[in-house]
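Asks: First the structure, then my questions, so here it is.
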Amino acid sequence: MTTPYTFDHNAFAAALQATYGHLTDGEESGDVVNVAGRVMLLRSQGKLAFATLRDSSGEIQLFLLSAVAENFEEFTKLHLGDWVGVTGEVVRTKRGELSVKVHTWVRLAEALHNFGDKWAGIADFDLRYRHREADLWANPETRQALTRRSAVVRAVRQRCWDQGFMEVETPILNAVPTGAAARPFRTHHNALDSAFFLRIAPELWLKRLVVGGYERVFELGRVFRNEGVSPRHNPEFTSLELYAAYWNYEDMMTFTEELVAGVALDVLGTTEVEYQGRPFSFATPWPRRTMAELVSETLGESLSVHTPRERLVELLARYDVTAQPSWGPGRCLEELLGEACGEQLWHPIFVTDFPVEISPLARRHQADPELTERFESYAAGRELSNGFSELIDPVDQRARFEDQARLAAAGDDEAMQIDEDFVKSLEWGTAPDRGLGRRH
RNA sequence: GCGCCGAUAGCUCAAUUGGCAGAGCAUUUGACUCUUAAUCAACAGGUUCCGGGUUCAAGUCCCGGUCGGCGCACCA
């Protein structure tokens, strides 16, 4: 089969729908356009034929009269999914459908597979995930999701630039996987004959740029965690991390909520959204509550990182959670938040003042050395971001890493390893700074 | 990793207590000058995921495997 190598394309379906919305039933515009796309539906009716053409922007009907269109018979034998390019006049049919009345047309490519049932689309998950290109044509909601994701990435990047953050790229292959609590992927460098890990977070590299004198940096990119796979968890996912010198963590929370609300406005035009049929609002400001307050309120008794561990373990048992021997009061408190406070985390909220025990890279709280100046934002019950005043004291940082190493020795395969180069970098002295991670 | 469920025509799905494997759409052929998942008529289309077993007889029951979905666990 020989098909043309190019097509003089000059119009998109969605733009035609918008531009010619005023045409009345049976009216002909006199304007000739060239559109191209896939034939998704074909209705042939003797000396007339109608086809639904879909392109990247939307759909428009093709209208053919045997007396007008060239090669009319051949058109009616097209297969669903075939690519065509057509030249014709923009008209509205007698029955009111905006159409391109075809003068000439050409088949640009043949589809050897169909795109599923024309009503049900493709339902087979295996086929949808292994052949996303088919899914994109068969199921418009897939295309919308991907388009929106691209718009979100663009809006995030633009807003970071607008706030004076410089975009950087840091190493993905690392000798030590660090910056988060997660199991890494291993790989091997042949020339160096040494083991490397795919990064689980860019955190420490970005902090070293702050040590190096950049006040505001961010990185948007893939990180890799060796964990379970599900529709909500991808072993490789995109994260945003940014660092700002001189900000306090209240500043970082304000930046966070304005970034999320702003991106929602940029992409959707509103901060009012719905997830799993339940509405919520990204409108700022978001409430800021300490972890101890939220847990105490929900369980009806005063609890904090200073509560005896035994009591916290008892409370966890109510939720069928068995505290591991390595869990101190801080870890227990965090587990209680996750188990008991799901409902409070539906509408966007900041949970603040995390225990130092579970925050090895965060600076201690000015009011309580057992806590850190760390917050996480939640929406729809899921963590959106994690931010804190960065620990800049190399002595304390080394001690925290050593605590982590003890956890690792005790069998915690997600505990951090000591990153000597990072500790050394802090020894040169760092401006006080705040970091933010946002992961999807 | 554990548990539950599923796999039948190109696609979406049926098939009663074990008793001749079906429909719609798509494909092929024909009719049709305003259709909208067009309609009407006809033809064709099958290793019932794979391998064993029980039975006169297995899509259906039993065992093993592969792939997938959901839940749990892990996590963002």
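Scheme for the structure tokens: letters A, B, ... for chains in order shown; per-chain residue numbers from 1; ligand numbers from 1 in order shown.
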Do me a favour and pick out the residues of chain A within 7 Å of chain B, using only C-alpha atoms (C1' of nucleotides), as a list in words.
Replies: Arg43, Gln45, Gly46, Lys47, Leu48, Phe50, Thr93, Lys94, Arg95, Gly116, Asp117, Lys118, Trp119, Ala120, Asp126, Glu227, Gly228, Glu383, Arg439 and His440 of chain A
Asks: Deliver the residues from the most recent selection as a file, using N, CA and C atoms, as an mmCIF file, in the first residue's frame.
Replies:
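Once written, part_23.cif looks like this:
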data_model
loop_
_atom_site.group_PDB
_atom_site.id
_atom_site.type_symbol
_atom_site.label_atom_id
_atom_site.label_comp_id
_atom_site.auth_asym_id
_atom_site.auth_seq_id
_atom_site.Cartn_x
_atom_site.Cartn_y
_atom_site.Cartn_z
ATOM 1 N N ARG A 43 -20.657 5.903 8.553
ATOM 2 C CA ARG A 43 -22.063 5.604 8.264
ATOM 3 C C ARG A 43 -22.285 5.840 6.775
ATOM 4 N N GLN A 45 -24.438 5.453 3.358
ATOM 5 C CA GLN A 45 -25.872 5.397 3.082
ATOM 6 C C GLN A 45 -26.143 5.612 1.602
ATOM 7 N N GLY A 46 -25.764 4.632 0.797
ATOM 8 C CA GLY A 46 -26.014 4.747 -0.634
ATOM 9 C C GLY A 46 -25.160 5.825 -1.275
ATOM 10 N N LYS A 47 -25.786 6.924 -1.654
ATOM 11 C CA LYS A 47 -25.036 7.986 -2.326
ATOM 12 C C LYS A 47 -24.571 9.071 -1.370
ATOM 13 N N LEU A 48 -24.743 8.823 -0.048
ATOM 14 C CA LEU A 48 -24.258 9.718 1.006
ATOM 15 C C LEU A 48 -23.381 8.907 1.941
ATOM 16 N N PHE A 50 -21.325 9.463 5.979
ATOM 17 C CA PHE A 50 -20.903 10.295 7.098
ATOM 18 C C PHE A 50 -19.813 9.545 7.853
ATOM 19 N N THR A 93 -24.959 20.192 8.470
ATOM 20 C CA THR A 93 -25.916 19.363 7.736
ATOM 21 C C THR A 93 -27.340 19.772 8.090
ATOM 22 N N LYS A 94 -28.276 19.263 7.286
ATOM 23 C CA LYS A 94 -29.690 19.553 7.544
ATOM 24 C C LYS A 94 -30.102 19.133 8.945
ATOM 25 N N ARG A 95 -29.478 18.055 9.432
ATOM 26 C CA ARG A 95 -29.832 17.556 10.767
ATOM 27 C C ARG A 95 -29.014 18.213 11.880
ATOM 28 N N GLY A 116 -11.220 -1.462 19.406
ATOM 29 C CA GLY A 116 -12.177 -1.972 20.377
ATOM 30 C C GLY A 116 -13.609 -1.749 19.934
ATOM 31 N N ASP A 117 -14.510 -2.180 20.768
ATOM 32 C CA ASP A 117 -15.927 -2.004 20.518
ATOM 33 C C ASP A 117 -16.221 -0.511 20.430
ATOM 34 N N LYS A 118 -16.999 -0.122 19.416
ATOM 35 C CA LYS A 118 -17.148 1.321 19.201
ATOM 36 C C LYS A 118 -17.959 1.981 20.302
ATOM 37 N N TRP A 119 -18.631 1.204 21.096
ATOM 38 C CA TRP A 119 -19.373 1.780 22.216
ATOM 39 C C TRP A 119 -18.612 1.566 23.520
ATOM 40 N N ALA A 120 -18.096 0.380 23.735
ATOM 41 C CA ALA A 120 -17.437 0.060 24.998
ATOM 42 C C ALA A 120 -15.949 0.395 24.981
ATOM 43 N N ASP A 126 -4.849 -5.312 30.299
ATOM 44 C CA ASP A 126 -3.551 -5.707 29.777
ATOM 45 C C ASP A 126 -3.251 -4.955 28.478
ATOM 46 N N GLU A 227 9.193 -0.711 45.258
ATOM 47 C CA GLU A 227 8.009 -0.977 46.064
ATOM 48 C C GLU A 227 6.921 -1.606 45.215
ATOM 49 N N GLY A 228 5.811 -1.873 45.849
ATOM 50 C CA GLY A 228 4.690 -2.499 45.165
ATOM 51 C C GLY A 228 4.153 -1.629 44.034
ATOM 52 N N GLU A 383 -0.949 12.080 51.067
ATOM 53 C CA GLU A 383 0.108 13.053 51.258
ATOM 54 C C GLU A 383 0.410 13.762 49.949
ATOM 55 N N ARG A 439 5.434 14.707 45.758
ATOM 56 C CA ARG A 439 5.640 13.487 44.968
ATOM 57 C C ARG A 439 4.322 12.914 44.468
ATOM 58 N N HIS A 440 4.389 12.377 43.257
ATOM 59 C CA HIS A 440 3.201 11.711 42.698
ATOM 60 C C HIS A 440 3.587 10.371 42.132
#
Asks: Using DSSP on the backbone, list every residue of region 105-334 of chain A that comes out as strand (DSSP E), and give them as a VMD selection string.
Replies: chain A and resid 105 to 109 166 to 167 173 to 174 186 to 189 194 to 198 216 to 224 236 to 245 272 to 275 278 to 281 288 to 290
Asks: Can you write out the residues you just picked, keeping C-alpha atoms, as a short mmCIF file (atom, residue, chain, number, x, y, z; two decimals), in the first residue's frame?
Replies:
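And here's again-v4.cif as it stands now:
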data_model
loop_
_atom_site.label_atom_id
_atom_site.label_comp_id
_atom_site.auth_asym_id
_atom_site.auth_seq_id
_atom_site.Cartn_x
_atom_site.Cartn_y
_atom_site.Cartn_z
CA TRP A 105 -9.53 12.94 0.47
CA VAL A 106 -6.57 10.64 0.84
CA ARG A 107 -5.85 7.70 3.06
CA LEU A 108 -2.71 8.55 5.06
CA ALA A 109 -2.34 5.24 6.89
CA MET A 166 16.58 27.85 39.21
CA GLU A 167 15.86 24.46 37.66
CA LEU A 173 22.89 7.07 39.59
CA ASN A 174 24.12 7.23 43.18
CA ARG A 186 20.27 -1.61 42.25
CA THR A 187 22.26 -1.39 39.08
CA HIS A 188 25.85 -1.85 38.05
CA HIS A 189 28.43 0.35 36.34
CA SER A 194 30.84 -1.00 41.09
CA ALA A 195 27.29 -1.03 42.39
CA PHE A 196 25.05 1.97 41.95
CA PHE A 197 21.54 2.77 43.07
CA LEU A 198 18.84 4.67 41.22
CA ARG A 216 16.61 28.92 45.33
CA VAL A 217 16.79 25.71 43.31
CA PHE A 218 14.28 23.09 42.20
CA GLU A 219 14.27 19.78 40.39
CA LEU A 220 11.38 18.11 38.64
CA GLY A 221 12.16 14.56 37.67
CA ARG A 222 11.87 10.84 38.10
CA VAL A 223 12.77 9.02 41.28
CA PHE A 224 12.76 5.26 41.73
CA GLU A 236 9.23 5.30 38.95
CA PHE A 237 7.37 8.50 39.64
CA THR A 238 7.87 12.22 39.18
CA SER A 239 8.81 14.39 42.11
CA LEU A 240 9.26 18.10 42.64
CA GLU A 241 11.81 19.19 45.19
CA LEU A 242 12.79 22.76 45.90
CA TYR A 243 14.98 24.56 48.40
CA ALA A 244 14.89 28.19 49.50
CA ALA A 245 17.49 29.84 51.70
CA GLU A 272 -12.90 23.43 43.40
CA VAL A 273 -12.27 19.82 42.46
CA GLU A 274 -13.70 16.36 42.97
CA TYR A 275 -11.98 13.09 43.71
CA ARG A 278 -16.27 13.69 46.72
CA PRO A 279 -15.67 17.43 46.39
CA PHE A 280 -12.97 19.46 48.06
CA SER A 281 -11.34 22.84 47.64
CA ARG A 288 -2.20 24.26 59.93
CA ARG A 289 -2.43 21.78 62.81
CA THR A 290 0.25 20.00 64.75
#
Asks: Using only C-alpha atoms, find the one residue out of A:Glu390, A:Glu59, A:Asp433, A:Glu301 that sits nearest to Ala11 (chain A).
Replies: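 Using only C-alpha atoms, Ala11 (chain A) sits closest to A:Glu59.
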Asks: What does the distance between CA of Ala408 (chain A) and CA of Ala201 (chain A) come to in Å, to one decimal place?
Replies: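 Interatomic distance, CA of Ala408 (chain A) to CA of Ala201 (chain A): 18.3 Å.
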Asks: Do you know which residues are at most 7 Å from Glu27 (chain A) counting only C-alpha atoms (C1' of nucleotides), after dropping those on the same chain fewer than 3 positions away, and could you put them as a count of residues only?
Replies: 4
Asks: Identify, on the basis of only C-alpha atoms (C1' of nucleotides), every residue whose closest approach to G46 (chain B) does not exceed 9 Å; exclude the query and any residue fewer than 3 positions from it along the same chain; express the result as a count of residues only.
Replies: 3
Asks: Identify, with DSSP run on backbone atoms, the residues in region 189-340 of chain A assigned to alpha helix (DSSP H), and express the list as a VMD selection string.
Replies: chain A and resid 203 to 211 249 to 268 291 to 299 309 to 317 329 to 340
Asks: Would you please work out which residue, of A:Val305, A:Ala261, A:Ala180, A:Leu407, is nearest to Pro325 (chain A) when using only C-alpha atoms?
Replies: A:Leu407
Asks: For a test of reading the model, state the distance in Å between CA of Leu336 (chain A) and CA of Leu312 (chain A), rounded to one decimal.
Replies: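 Interatomic distance, CA of Leu336 (chain A) to CA of Leu312 (chain A): 8.0 Å.
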Asks: Pick out the closest residue to G18 (chain B) from this set: B:U60, B:U54, B:U47, B:U66. Count only C-alpha atoms (C1' of nucleotides).
Replies: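 Smallest separation from G18 (chain B) among the options: B:U60.
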Asks: Mind giving me the straight-line distance from CA of Pro329 (chain A) to CA of Val295 (chain A) in Å, one decimal?
Replies: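 Between these atoms lies a distance of 12.9 Å.
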Asks: Just want the 12 Å neighbourhood of Glu110 (chain A), counted on only C-alpha atoms (C1' of nucleotides), with same-chain residues fewer than 3 positions away dropped. Output as a count of residues only.
Replies: 19
Asks: Please provide the set of residues having any atom within 12 Å of G65 (chain B), restricted to only C-alpha atoms (C1' of nucleotides), with same-chain residues fewer than 2 positions apart removed, written as a list of chain:residue names.
Replies: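 Residues meeting the cut-off are B:C49, B:C50, B:G51, B:G52, B:C63, B:C67.
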Asks: Dump C-alpha atoms (C1' of nucleotides) for the selected residues as an mmCIF file, in the first residue's frame?
Replies:
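result06.cif, freshly written:
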data_model
loop_
_atom_site.group_PDB
_atom_site.id
_atom_site.type_symbol
_atom_site.label_atom_id
_atom_site.label_comp_id
_atom_site.auth_asym_id
_atom_site.auth_seq_id
_atom_site.Cartn_x
_atom_site.Cartn_y
_atom_site.Cartn_z
ATOM 1 C "C1'" C B 49 -5.460 -18.977 28.382
ATOM 2 C "C1'" C B 50 -1.811 -23.522 28.878
ATOM 3 C "C1'" G B 51 -0.925 -28.712 30.833
ATOM 4 C "C1'" G B 52 -2.888 -32.826 33.346
ATOM 5 C "C1'" C B 63 -5.037 -30.489 40.420
ATOM 6 C "C1'" C B 67 -1.506 -13.710 32.567
#
